[in-house]
>>> print(open('upload-v2.csv').read())   # CSV, C-alpha atoms
chain,number,residue,atom,x,y,z
J,205,MET,CA,5.1,-43.4,-76.0
J,206,THR,CA,6.1,-40.2,-78.0
J,207,MET,CA,8.7,-38.3,-76.0
J,208,LYS,CA,8.3,-34.5,-75.7
J,209,LYS,CA,11.5,-32.7,-76.7
J,210,THR,CA,12.4,-30.7,-73.6
J,211,VAL,CA,15.3,-28.4,-72.8
J,212,VAL,CA,16.1,-28.1,-69.1
J,213,SER,CA,18.2,-25.3,-67.6
J,214,LEU,CA,19.8,-26.0,-64.2
J,215,GLY,CA,20.7,-23.2,-61.8
J,216,HIS,CA,23.4,-23.0,-59.2
J,217,ASN,CA,21.4,-24.8,-56.5
J,218,ALA,CA,21.3,-27.9,-58.7
J,219,LEU,CA,25.1,-28.1,-58.6
J,220,GLY,CA,26.4,-26.7,-55.3
J,221,HIS,CA,29.6,-24.6,-55.1
J,222,THR,CA,32.4,-27.0,-54.4
J,223,THR,CA,33.4,-30.4,-55.9
J,224,THR,CA,32.1,-32.2,-52.7
J,225,GLU,CA,28.8,-30.2,-52.7
J,226,GLN,CA,28.4,-30.9,-56.4
J,227,ARG,CA,28.6,-34.6,-56.0
J,228,SER,CA,25.9,-34.5,-53.4
J,229,ALA,CA,23.7,-32.0,-55.2
J,230,VAL,CA,23.7,-33.8,-58.6
J,231,LYS,CA,22.2,-36.9,-56.9
J,232,VAL,CA,19.2,-34.8,-55.9
J,233,THR,CA,19.1,-33.1,-59.3
J,234,ALA,CA,19.3,-36.5,-61.0
J,235,ARG,CA,16.1,-37.6,-59.3
J,236,ALA,CA,14.2,-34.6,-60.5
J,237,LEU,CA,15.6,-35.1,-64.1
J,238,ALA,CA,14.6,-38.8,-64.0
J,239,ASP,CA,11.1,-37.7,-62.9
J,240,LEU,CA,10.9,-35.7,-66.1
J,241,VAL,CA,12.1,-38.6,-68.2
J,242,GLU,CA,9.4,-40.8,-66.6
J,243,ALA,CA,6.9,-38.1,-67.4
J,244,GLY,CA,7.7,-38.4,-71.1
J,245,CYS,CA,10.4,-35.7,-71.6
J,246,GLN,CA,13.2,-36.2,-74.1
J,247,LEU,CA,15.8,-34.2,-72.3
J,248,THR,CA,18.5,-31.9,-73.5
J,249,ILE,CA,20.2,-30.3,-70.4
J,250,THR,CA,22.1,-27.1,-69.9
J,251,HIS,CA,23.5,-25.8,-66.7
J,252,SER,CA,25.1,-22.8,-64.9
J,253,ASN,CA,28.8,-22.8,-64.0
J,254,GLY,CA,29.4,-19.6,-62.0
J,255,PRO,CA,31.0,-21.1,-58.9
J,256,GLN,CA,32.8,-23.9,-60.9
J,257,ILE,CA,34.4,-21.6,-63.4
J,258,SER,CA,35.4,-19.2,-60.7
J,259,MET,CA,37.0,-22.0,-58.7
J,260,ILE,CA,39.0,-23.2,-61.7
J,261,HIS,CA,40.1,-19.6,-62.5
J,262,LYS,CA,41.3,-19.1,-59.0
J,263,ALA,CA,43.2,-22.4,-58.9
J,264,MET,CA,44.9,-21.7,-62.2
J,265,THR,CA,45.8,-18.2,-61.2
J,266,GLU,CA,47.3,-19.3,-57.9
J,267,LEU,CA,49.2,-22.1,-59.7
J,268,ARG,CA,50.8,-19.4,-61.8
J,269,ARG,CA,51.7,-17.4,-58.7
J,270,ILE,CA,53.5,-20.4,-57.2
J,271,TYR,CA,55.1,-21.9,-60.3
J,272,LEU,CA,56.2,-19.2,-62.7
J,273,ASP,CA,56.8,-21.6,-65.6
J,274,TYR,CA,53.0,-22.2,-65.7
J,275,THR,CA,50.7,-19.8,-67.6
J,276,PRO,CA,47.3,-18.7,-66.3
J,277,ALA,CA,44.4,-20.4,-68.0
J,278,PRO,CA,42.3,-18.1,-70.2
J,279,MET,CA,38.6,-17.8,-69.5
J,280,CYS,CA,37.6,-20.0,-72.5
J,281,VAL,CA,39.8,-22.8,-71.2
J,282,CYS,CA,38.3,-22.4,-67.7
J,283,SER,CA,34.9,-22.6,-69.3
J,284,ALA,CA,35.8,-25.8,-71.1
J,285,MET,CA,37.1,-27.4,-67.9
J,286,SER,CA,33.9,-26.5,-66.0
J,287,GLN,CA,31.7,-28.0,-68.8
J,288,GLY,CA,33.7,-31.2,-68.6
J,289,TYR,CA,33.6,-31.9,-64.9
J,290,VAL,CA,30.0,-30.6,-64.3
J,291,GLY,CA,28.8,-32.7,-67.2
J,292,TYR,CA,30.7,-35.7,-65.9
J,293,ASP,CA,29.0,-35.6,-62.5
J,294,ILE,CA,25.5,-35.0,-64.0
J,295,GLN,CA,25.7,-37.7,-66.6
J,296,ASN,CA,27.0,-40.3,-64.1
J,297,SER,CA,24.4,-39.5,-61.5
J,298,LEU,CA,21.5,-39.3,-64.0
J,299,LYS,CA,22.6,-42.6,-65.6
J,300,ALA,CA,22.7,-44.3,-62.2
J,301,GLU,CA,19.3,-42.9,-61.2
J,302,LEU,CA,17.7,-44.0,-64.5
J,303,LEU,CA,19.1,-47.5,-64.2
J,304,SER,CA,17.7,-47.8,-60.7
J,305,ARG,CA,14.3,-47.2,-62.2
J,306,GLY,CA,14.8,-49.7,-65.0
J,307,ILE,CA,15.4,-47.1,-67.7
J,308,SER,CA,18.4,-47.6,-70.0
J,309,LYS,CA,19.3,-44.4,-71.8
J,310,THR,CA,22.6,-43.0,-73.0
J,311,VAL,CA,23.6,-39.8,-71.3
J,312,SER,CA,26.3,-37.7,-73.0
J,313,THR,CA,28.1,-34.4,-72.5
J,314,ILE,CA,29.0,-32.4,-75.5
J,315,LEU,CA,31.8,-29.8,-75.1
J,316,THR,CA,29.9,-26.9,-76.7
J,317,GLN,CA,31.2,-23.6,-78.2
J,318,VAL,CA,29.0,-20.6,-78.9
J,319,THR,CA,30.0,-17.7,-81.2
J,320,VAL,CA,29.8,-14.2,-80.0
J,321,ASP,CA,30.2,-10.8,-81.7
J,322,PRO,CA,33.6,-9.2,-80.9
J,323,TYR,CA,31.9,-5.8,-81.1
J,324,ASP,CA,29.2,-6.7,-78.6
J,325,GLU,CA,28.7,-3.8,-76.3
J,326,ALA,CA,29.2,-6.1,-73.3
J,327,PHE,CA,32.9,-6.2,-74.0
J,328,TYR,CA,33.0,-2.5,-73.3
J,329,GLU,CA,30.9,-2.7,-70.2
J,330,PRO,CA,31.8,-6.0,-68.4
J,331,THR,CA,29.6,-6.9,-65.5
J,332,LYS,CA,30.5,-10.5,-64.4
J,333,LEU,CA,32.7,-10.9,-61.3
J,334,ILE,CA,35.2,-13.7,-61.6
J,335,GLY,CA,38.1,-15.2,-59.6
J,336,ARG,CA,39.7,-14.3,-56.3
J,337,HIS,CA,39.9,-11.1,-54.4
J,338,MET,CA,43.1,-9.1,-55.2
J,339,SER,CA,45.2,-6.4,-53.6
J,340,ALA,CA,45.4,-3.0,-55.2
J,341,ASP,CA,48.8,-3.9,-56.6
J,342,ASP,CA,47.5,-7.1,-58.2
J,343,ALA,CA,44.5,-5.2,-59.6
J,344,GLU,CA,46.9,-2.7,-61.2
J,345,ILE,CA,48.7,-5.5,-62.9
J,346,GLU,CA,45.4,-6.8,-64.3
J,347,ILE,CA,44.5,-3.4,-65.6
J,348,LYS,CA,47.9,-3.1,-67.3
J,349,LYS,CA,47.1,-6.4,-69.1
J,350,GLY,CA,44.0,-4.8,-70.5
J,351,ASN,CA,41.6,-6.6,-68.0
J,352,TYR,CA,38.8,-4.9,-66.1
J,353,VAL,CA,38.6,-5.0,-62.3
J,354,GLN,CA,36.1,-3.8,-59.7
J,355,GLU,CA,36.6,-3.0,-56.1
J,356,GLU,CA,34.5,-4.7,-53.4
J,357,PRO,CA,34.8,-2.4,-50.3
J,358,GLY,CA,36.5,-4.2,-47.4
J,359,LYS,CA,37.3,-7.2,-49.5
J,360,GLY,CA,39.7,-6.0,-52.3
J,361,PHE,CA,39.4,-6.1,-56.0
J,362,ARG,CA,38.0,-8.7,-58.4
J,363,ARG,CA,38.3,-9.1,-62.1
J,364,ILE,CA,35.1,-8.5,-64.2
J,365,ILE,CA,34.4,-9.9,-67.6
J,366,ALA,CA,31.9,-9.4,-70.4
J,367,ALA,CA,28.7,-11.4,-70.9
J,368,PRO,CA,28.0,-11.0,-74.6
J,369,LYS,CA,24.9,-12.4,-76.3
J,370,PRO,CA,25.1,-15.8,-78.0
J,371,ILE,CA,25.0,-15.9,-81.8
J,372,GLU,CA,25.4,-19.5,-83.0
J,373,ILE,CA,25.8,-22.8,-81.2
J,374,VAL,CA,28.7,-24.4,-83.0
J,375,GLU,CA,28.0,-28.0,-82.1
J,376,LEU,CA,24.2,-27.7,-82.7
J,377,GLU,CA,24.0,-30.5,-85.3
J,378,ALA,CA,25.8,-32.9,-83.0
J,379,ILE,CA,23.4,-32.1,-80.2
J,380,ARG,CA,20.4,-32.4,-82.5
J,381,THR,CA,21.5,-35.8,-83.9
J,382,LEU,CA,22.0,-37.3,-80.4
J,383,ALA,CA,18.7,-35.9,-79.1
J,384,GLU,CA,16.8,-37.2,-82.2
J,385,ALA,CA,18.3,-40.6,-81.6
J,386,GLY,CA,16.6,-40.6,-78.2
J,387,GLN,CA,19.7,-39.9,-76.1
J,388,ILE,CA,19.9,-37.5,-73.2
J,389,VAL,CA,22.4,-34.7,-74.0
J,390,ILE,CA,24.1,-32.3,-71.7
J,391,ALA,CA,25.3,-29.3,-73.7
J,392,CYS,CA,26.0,-25.5,-73.7
J,393,GLY,CA,27.1,-25.8,-70.0
J,394,GLY,CA,27.7,-22.4,-68.4
J,395,GLY,CA,26.3,-20.7,-71.5
J,396,GLY,CA,28.8,-22.4,-73.8
J,397,ILE,CA,32.5,-21.6,-74.4
J,398,PRO,CA,32.4,-18.1,-76.0
J,399,VAL,CA,34.4,-18.0,-79.2
J,400,ILE,CA,34.9,-15.5,-82.0
J,401,GLU,CA,35.2,-16.5,-85.6
J,402,GLN,CA,38.4,-15.4,-87.2
J,403,GLN,CA,39.2,-16.5,-90.8
J,404,HIS,CA,37.4,-19.8,-90.5
J,405,ALA,CA,39.0,-20.5,-87.1
J,406,LEU,CA,37.5,-20.2,-83.7
J,407,LYS,CA,39.3,-18.1,-81.0
J,408,GLY,CA,38.3,-18.2,-77.4
J,409,ALA,CA,36.9,-15.0,-76.0
J,410,SER,CA,37.5,-13.6,-72.5
J,411,ALA,CA,33.9,-13.7,-71.5
J,412,VAL,CA,31.0,-15.8,-70.2
J,413,ILE,CA,27.6,-16.3,-71.7
J,414,GLU,CA,24.4,-16.1,-69.5
J,415,LYS,CA,23.2,-19.7,-69.2
J,416,ASP,CA,19.6,-18.5,-69.4
J,417,ALA,CA,20.3,-16.8,-72.7
J,418,ILE,CA,21.7,-19.9,-74.2
J,419,ALA,CA,18.8,-22.1,-72.8
J,420,GLY,CA,16.3,-20.0,-74.7
J,421,LYS,CA,18.3,-20.1,-77.9
J,422,LEU,CA,19.0,-23.9,-77.5
J,423,ALA,CA,15.3,-24.6,-77.1
J,424,ALA,CA,14.4,-22.5,-80.1
J,425,ASP,CA,17.1,-24.0,-82.3
J,426,LEU,CA,16.1,-27.5,-81.4
J,427,ASN,CA,12.4,-26.7,-81.9
J,428,ALA,CA,11.8,-28.1,-78.4
J,429,GLY,CA,8.2,-28.5,-77.3
J,430,GLN,CA,9.1,-27.2,-73.8
J,431,LEU,CA,11.7,-25.2,-72.0
J,432,ILE,CA,12.0,-25.9,-68.2
J,433,ILE,CA,14.0,-23.4,-66.2
J,434,LEU,CA,14.8,-24.8,-62.7
J,435,THR,CA,15.8,-22.0,-60.2
J,436,SER,CA,15.7,-21.3,-56.5
J,437,VAL,CA,12.1,-20.3,-56.2
J,438,PRO,CA,8.9,-22.3,-57.0
J,439,ASN,CA,7.2,-19.6,-59.0
J,440,VAL,CA,7.7,-16.3,-60.8
J,441,TYR,CA,6.5,-13.6,-58.5
J,442,GLN,CA,4.9,-10.1,-58.9
J,443,SER,CA,6.4,-7.6,-56.4
J,444,PHE,CA,9.0,-10.2,-55.4
J,445,GLY,CA,10.3,-9.7,-51.8
J,446,LYS,CA,7.7,-7.1,-51.0
J,447,GLU,CA,4.7,-7.3,-48.6
J,448,ASP,CA,2.3,-7.7,-51.5
J,449,GLN,CA,4.4,-10.5,-53.2
J,450,ARG,CA,2.2,-12.7,-55.4
J,451,ALA,CA,3.0,-16.0,-57.0
J,452,ILE,CA,2.1,-16.1,-60.8
J,453,SER,CA,0.9,-19.4,-62.1
J,454,ALA,CA,0.6,-18.4,-65.8
J,455,LEU,CA,1.7,-15.7,-68.1
J,456,THR,CA,1.3,-14.9,-71.8
J,457,LEU,CA,4.2,-13.8,-73.9
J,458,SER,CA,2.8,-10.3,-74.1
J,459,GLU,CA,2.3,-10.1,-70.4
J,460,ALA,CA,5.8,-11.3,-69.7
J,461,LYS,CA,7.2,-8.6,-72.1
J,462,LYS,CA,5.1,-5.9,-70.4
J,463,MET,CA,6.2,-6.8,-66.9
J,464,ALA,CA,9.9,-7.1,-68.0
J,465,ALA,CA,9.7,-3.6,-69.6
J,466,GLU,CA,8.2,-2.2,-66.3
J,467,GLY,CA,11.1,-3.5,-64.3
J,468,GLU,CA,9.1,-6.2,-62.5
J,469,PHE,CA,11.9,-8.8,-62.5
J,470,GLY,CA,15.3,-8.7,-60.9
J,471,GLU,CA,18.0,-7.9,-63.4
J,472,GLY,CA,20.4,-10.6,-62.3
J,473,THR,CA,17.9,-13.1,-61.1
J,474,MET,CA,14.5,-13.6,-62.7
J,475,LEU,CA,14.8,-11.2,-65.7
J,476,PRO,CA,17.3,-13.4,-67.7
J,477,LYS,CA,14.9,-16.3,-67.3
J,478,ILE,CA,11.9,-14.3,-68.6
J,479,GLU,CA,14.1,-13.1,-71.5
J,480,ALA,CA,15.0,-16.7,-72.3
J,481,ALA,CA,11.3,-17.5,-72.4
J,482,ILE,CA,10.7,-14.6,-74.7
J,483,THR,CA,13.5,-15.7,-77.0
J,484,TYR,CA,12.2,-19.2,-77.2
J,485,LEU,CA,8.5,-18.5,-77.6
J,486,SER,CA,9.1,-15.8,-80.2
J,487,VAL,CA,10.7,-18.5,-82.4
J,488,HIS,CA,8.5,-21.4,-81.3
J,489,PRO,CA,5.1,-20.1,-80.3
J,490,GLU,CA,3.6,-23.6,-80.1
J,491,GLY,CA,5.9,-24.4,-77.1
J,492,SER,CA,5.6,-23.6,-73.4
J,493,VAL,CA,8.0,-22.5,-70.7
J,494,LEU,CA,7.9,-23.7,-67.1
J,495,ILE,CA,9.8,-21.8,-64.4
J,496,THR,CA,10.0,-23.5,-61.0
J,497,SER,CA,12.4,-24.8,-58.4
J,498,LEU,CA,14.2,-28.1,-58.4
J,499,GLU,CA,12.2,-29.2,-55.4
J,500,SER,CA,8.9,-28.3,-56.9
J,501,VAL,CA,9.3,-29.7,-60.4
J,502,ALA,CA,7.2,-32.9,-59.6
J,503,ASP,CA,4.3,-30.8,-58.4
J,504,ALA,CA,4.8,-28.4,-61.3
J,505,LEU,CA,4.3,-31.2,-63.8
J,506,LYS,CA,0.9,-31.8,-62.2
J,507,GLY,CA,0.0,-28.1,-62.3
J,508,LYS,CA,0.4,-27.6,-58.6
J,509,ALA,CA,3.4,-25.3,-58.7
J,510,GLY,CA,5.5,-23.2,-61.1
J,511,THR,CA,4.8,-20.5,-63.6
J,512,VAL,CA,3.9,-21.5,-67.2
J,513,ILE,CA,4.5,-19.0,-70.0
J,514,THR,CA,2.9,-19.5,-73.4
J,515,ALA,CA,2.6,-17.4,-76.5
>>> encode(input="upload-v2.csv", output="structure tokens")
Amino acid sequence: MTMKKTVVSLGHNALGHTTTEQRSAVKVTARALADLVEAGCQLTITHSNGPQISMIHKAMTELRRIYLDYTPAPMCVCSAMSQGYVGYDIQNSLKAELLSRGISKTVSTILTQVTVDPYDEAFYEPTKLIGRHMSADDAEIEIKKGNYVQEEPGKGFRRIIAAPKPIEIVELEAIRTLAEAGQIVIACGGGGIPVIEQQHALKGASAVIEKDAIAGKLAADLNAGQLIILTSVPNVYQSFGKEDQRAISALTLSEAKKMAAEGEFGEGTMLPKIEAAITYLSVHPEGSVLITSLESVADALKGKAGTVITA
């Protein structure tokens, strides 16, 4: 059977928020991914890392507060750590689930770097909250370091960082080689480790990359036949959250662009997923995008759930 090259993007609900939650969540996620393998998909998997990178950042910052000879871990290092331990849990759970079904496939995690533009406007207008709540005094220290902070009324201050657009996936050829060899690859976790090219060297950037943005680019770069975005809702909706909310079963690229321009999709929720679909289909119009929930993916493969976007 010819396998269909498929990029799957996993959201927060596929991983949980703590190490204990994650170990339980990925067992459920592994079953959905194994269903895709049995349906003939050659998987390359990417995933979110918001709660994970935030937890690591908090831990490393607190370590520095207690032991002054330690240094806080920069965001790029926290991103690398999150890729490693999330990938570890996914690959082990998926491997075990596949073997229980009589399927022997190598599952590998690639620590992935993604270049960004140091002059990206996002660096001047950061939006991503990260780390612990701080007092006003601690926030002032962060500001003096050149970092951005934002007050959350009644809770304190939190650091905010940039979310620049991805330019190039550094380890793309390694990902492609493994995928074409029939292996399942976990890559670009959390959007990838953001790096800036400086005189033939890569320097970590104090930023995060939207995982949906990298999912669209990864699918386009691999010439995947399909991009599947697994989120918390079974469909894309028109008038989401309103009385006249309506599930959408199919969209064309032009319809998706029009609805996005009209502000139909939530800026921090569904819009990045629609933008990922636009990125992918603009490069690979022969492909298709499926947006659905983890719980509904089996029905979506039969056309009973989910939203399919095509050029």
>>> closest_residue(input="upload-v2.csv", among="J:Ala234, J:Ala481, J:Leu434, J:Leu267", to="J:Leu422", atoms="all atoms listed in the file")
J:Ala481
>>> atom_distance(input="upload-v2.csv", atom1="atom CA of J:Val493", atom2="atom CA of J:Glu414")
17.6 Å
>>> residues_around(input="upload-v2.csv", residues="J:Thr310", least_positions_apart="4", cutoff="10 Å", atoms="all atoms listed in the file", output="PyMOL selection string")
chain J and resi 295+298-299+302+382+385-389
>>> atom_distance(input="upload-v2.csv", atom1="atom CA of J:Gly394", atom2="atom CA of J:Asp416")
9.0 Å
>>> atom_distance(input="upload-v2.csv", atom1="atom CA of J:Thr316", atom2="atom CA of J:Pro398")
9.2 Å
>>> closest_atom_pairs(input="upload-v2.csv", of="stretch 274-316 of chain J", to="stretch 371-375 of chain J", cutoff="12 Å", atoms="all atoms listed in the file", output="Markdown table")
| residue | atom | partner | partner_atom | distance |
| --- | --- | --- | --- | --- |
| J:Thr313 | CA | J:Glu375 | CA | 11.5 |
| J:Ile314 | CA | J:Glu375 | CA | 8.0 |
| J:Leu315 | CA | J:Glu375 | CA | 8.2 |
| J:Thr316 | CA | J:Glu375 | CA | 5.8 |
>>> write_last_selection(input="upload-v2.csv", atoms="C-alpha atoms", output="PDB file, in the coordinates of the input")
ATOM      1  CA  THR J 313      28.100 -34.400 -72.500  1.00  0.00           C
ATOM      2  CA  ILE J 314      29.000 -32.400 -75.500  1.00  0.00           C
ATOM      3  CA  LEU J 315      31.800 -29.800 -75.100  1.00  0.00           C
ATOM      4  CA  THR J 316      29.900 -26.900 -76.700  1.00  0.00           C
TER       5      THR J 316
END
>>> closest_residue(input="upload-v2.csv", among="J:Thr331, J:Ser228, J:Asn296, J:Thr319", to="J:Ile400", atoms="all atoms listed in the file")
J:Thr319
>>> closest_residue(input="upload-v2.csv", among="J:Leu219, J:Tyr352, J:Lys369, J:Ala343", to="J:Glu325", atoms="all atoms listed in the file")
J:Lys369
>>> closest_residue(input="upload-v2.csv", among="J:Lys461, J:His216, J:Lys348, J:Lys506", to="J:Ala243", atoms="all atoms listed in the file")
J:Lys506
>>> closest_residue(input="upload-v2.csv", among="J:Ser443, J:Ile397, J:Ser312, J:Ser492", to="J:Glu466", atoms="all atoms listed in the file")
J:Ser443
>>> closest_residue(input="upload-v2.csv", among="J:Thr381, J:Thr222, J:Gln403, J:Thr496", to="J:Ser436", atoms="only C-alpha atoms")
J:Thr496
>>> residues_around(input="upload-v2.csv", residues="J:Ala391", least_positions_apart="4", cutoff="12 Å", atoms="only C-alpha atoms", output="number ranges by chain")
J: 211-214, 247-252, 284, 286-288, 290-292, 294-295, 311-318, 373-380, 382-383, 395-397, 415, 418-419, 422-423
>>> write_last_selection(input="upload-v2.csv", atoms="C-alpha atoms", output="PDB file, in the coordinates of the input")
ATOM      1  CA  VAL J 211      15.300 -28.400 -72.800  1.00  0.00           C
ATOM      2  CA  VAL J 212      16.100 -28.100 -69.100  1.00  0.00           C
ATOM      3  CA  SER J 213      18.200 -25.300 -67.600  1.00  0.00           C
ATOM      4  CA  LEU J 214      19.800 -26.000 -64.200  1.00  0.00           C
ATOM      5  CA  LEU J 247      15.800 -34.200 -72.300  1.00  0.00           C
ATOM      6  CA  THR J 248      18.500 -31.900 -73.500  1.00  0.00           C
ATOM      7  CA  ILE J 249      20.200 -30.300 -70.400  1.00  0.00           C
ATOM      8  CA  THR J 250      22.100 -27.100 -69.900  1.00  0.00           C
ATOM      9  CA  HIS J 251      23.500 -25.800 -66.700  1.00  0.00           C
ATOM     10  CA  SER J 252      25.100 -22.800 -64.900  1.00  0.00           C
ATOM     11  CA  ALA J 284      35.800 -25.800 -71.100  1.00  0.00           C
ATOM     12  CA  SER J 286      33.900 -26.500 -66.000  1.00  0.00           C
ATOM     13  CA  GLN J 287      31.700 -28.000 -68.800  1.00  0.00           C
ATOM     14  CA  GLY J 288      33.700 -31.200 -68.600  1.00  0.00           C
ATOM     15  CA  VAL J 290      30.000 -30.600 -64.300  1.00  0.00           C
ATOM     16  CA  GLY J 291      28.800 -32.700 -67.200  1.00  0.00           C
ATOM     17  CA  TYR J 292      30.700 -35.700 -65.900  1.00  0.00           C
ATOM     18  CA  ILE J 294      25.500 -35.000 -64.000  1.00  0.00           C
ATOM     19  CA  GLN J 295      25.700 -37.700 -66.600  1.00  0.00           C
ATOM     20  CA  VAL J 311      23.600 -39.800 -71.300  1.00  0.00           C
ATOM     21  CA  SER J 312      26.300 -37.700 -73.000  1.00  0.00           C
ATOM     22  CA  THR J 313      28.100 -34.400 -72.500  1.00  0.00           C
ATOM     23  CA  ILE J 314      29.000 -32.400 -75.500  1.00  0.00           C
ATOM     24  CA  LEU J 315      31.800 -29.800 -75.100  1.00  0.00           C
ATOM     25  CA  THR J 316      29.900 -26.900 -76.700  1.00  0.00           C
ATOM     26  CA  GLN J 317      31.200 -23.600 -78.200  1.00  0.00           C
ATOM     27  CA  VAL J 318      29.000 -20.600 -78.900  1.00  0.00           C
ATOM     28  CA  ILE J 373      25.800 -22.800 -81.200  1.00  0.00           C
ATOM     29  CA  VAL J 374      28.700 -24.400 -83.000  1.00  0.00           C
ATOM     30  CA  GLU J 375      28.000 -28.000 -82.100  1.00  0.00           C
ATOM     31  CA  LEU J 376      24.200 -27.700 -82.700  1.00  0.00           C
ATOM     32  CA  GLU J 377      24.000 -30.500 -85.300  1.00  0.00           C
ATOM     33  CA  ALA J 378      25.800 -32.900 -83.000  1.00  0.00           C
ATOM     34  CA  ILE J 379      23.400 -32.100 -80.200  1.00  0.00           C
ATOM     35  CA  ARG J 380      20.400 -32.400 -82.500  1.00  0.00           C
ATOM     36  CA  LEU J 382      22.000 -37.300 -80.400  1.00  0.00           C
ATOM     37  CA  ALA J 383      18.700 -35.900 -79.100  1.00  0.00           C
ATOM     38  CA  GLY J 395      26.300 -20.700 -71.500  1.00  0.00           C
ATOM     39  CA  GLY J 396      28.800 -22.400 -73.800  1.00  0.00           C
ATOM     40  CA  ILE J 397      32.500 -21.600 -74.400  1.00  0.00           C
ATOM     41  CA  LYS J 415      23.200 -19.700 -69.200  1.00  0.00           C
ATOM     42  CA  ILE J 418      21.700 -19.900 -74.200  1.00  0.00           C
ATOM     43  CA  ALA J 419      18.800 -22.100 -72.800  1.00  0.00           C
ATOM     44  CA  LEU J 422      19.000 -23.900 -77.500  1.00  0.00           C
ATOM     45  CA  ALA J 423      15.300 -24.600 -77.100  1.00  0.00           C
TER      46      ALA J 423
END
>>> residues_around(input="upload-v2.csv", residues="J:Ala454", least_positions_apart="3", cutoff="12 Å", atoms="all atoms listed in the file", output="ChimeraX atom specification")
/J:439-442,450-451,457-460,492-496,504,507-515
>>> residues_around(input="upload-v2.csv", residues="J:Leu333", least_positions_apart="5", cutoff="9 Å", atoms="all atoms listed in the file", output="MDAnalysis selection string")
chainID J and resid 258 353:354 362:365
>>> residues_around(input="upload-v2.csv", residues="J:Pro278", least_positions_apart="5", cutoff="10 Å", atoms="all atoms listed in the file", output="list of chain:residue names")
J:His261, J:Met264, J:Thr265, J:Ser283, J:Gly408, J:Ala409, J:Ser410, J:Ala411
>>> build_atoms(input="upload-v2.csv", residues="stretch 445-456 of chain J", atoms="N, CA and C atoms", output="PDB file, in the coordinates of the input")
ATOM      1  N   GLY J 445       9.651 -10.161 -53.011  1.00  0.00           N
ATOM      2  CA  GLY J 445      10.300  -9.700 -51.800  1.00  0.00           C
ATOM      3  C   GLY J 445       9.614  -8.557 -51.093  1.00  0.00           C
ATOM      4  N   LYS J 446       8.456  -8.142 -51.607  1.00  0.00           N
ATOM      5  CA  LYS J 446       7.700  -7.100 -51.000  1.00  0.00           C
ATOM      6  C   LYS J 446       6.496  -7.686 -50.209  1.00  0.00           C
ATOM      7  N   GLU J 447       5.833  -6.861 -49.406  1.00  0.00           N
ATOM      8  CA  GLU J 447       4.700  -7.300 -48.600  1.00  0.00           C
ATOM      9  C   GLU J 447       3.572  -7.888 -49.454  1.00  0.00           C
ATOM     10  N   ASP J 448       3.394  -7.291 -50.632  1.00  0.00           N
ATOM     11  CA  ASP J 448       2.300  -7.700 -51.500  1.00  0.00           C
ATOM     12  C   ASP J 448       2.759  -8.728 -52.565  1.00  0.00           C
ATOM     13  N   GLN J 449       3.854  -9.448 -52.286  1.00  0.00           N
ATOM     14  CA  GLN J 449       4.400 -10.500 -53.200  1.00  0.00           C
ATOM     15  C   GLN J 449       3.268 -11.447 -53.591  1.00  0.00           C
ATOM     16  N   ARG J 450       3.189 -11.763 -54.894  1.00  0.00           N
ATOM     17  CA  ARG J 450       2.200 -12.700 -55.400  1.00  0.00           C
ATOM     18  C   ARG J 450       2.732 -13.672 -56.367  1.00  0.00           C
ATOM     19  N   ALA J 451       2.515 -14.964 -56.119  1.00  0.00           N
ATOM     20  CA  ALA J 451       3.000 -16.000 -57.000  1.00  0.00           C
ATOM     21  C   ALA J 451       2.151 -15.959 -58.319  1.00  0.00           C
ATOM     22  N   ILE J 452       2.811 -16.076 -59.456  1.00  0.00           N
ATOM     23  CA  ILE J 452       2.100 -16.100 -60.800  1.00  0.00           C
ATOM     24  C   ILE J 452       2.124 -17.492 -61.294  1.00  0.00           C
ATOM     25  N   SER J 453       0.953 -17.997 -61.621  1.00  0.00           N
ATOM     26  CA  SER J 453       0.900 -19.400 -62.100  1.00  0.00           C
ATOM     27  C   SER J 453       0.948 -19.449 -63.637  1.00  0.00           C
ATOM     28  N   ALA J 454       0.538 -18.373 -64.319  1.00  0.00           N
ATOM     29  CA  ALA J 454       0.600 -18.400 -65.800  1.00  0.00           C
ATOM     30  C   ALA J 454       0.776 -16.988 -66.323  1.00  0.00           C
ATOM     31  N   LEU J 455       1.503 -16.918 -67.447  1.00  0.00           N
ATOM     32  CA  LEU J 455       1.700 -15.700 -68.100  1.00  0.00           C
ATOM     33  C   LEU J 455       1.670 -15.897 -69.636  1.00  0.00           C
ATOM     34  N   THR J 456       1.193 -14.895 -70.365  1.00  0.00           N
ATOM     35  CA  THR J 456       1.300 -14.900 -71.800  1.00  0.00           C
ATOM     36  C   THR J 456       2.602 -14.233 -72.196  1.00  0.00           C
TER      37      THR J 456
END
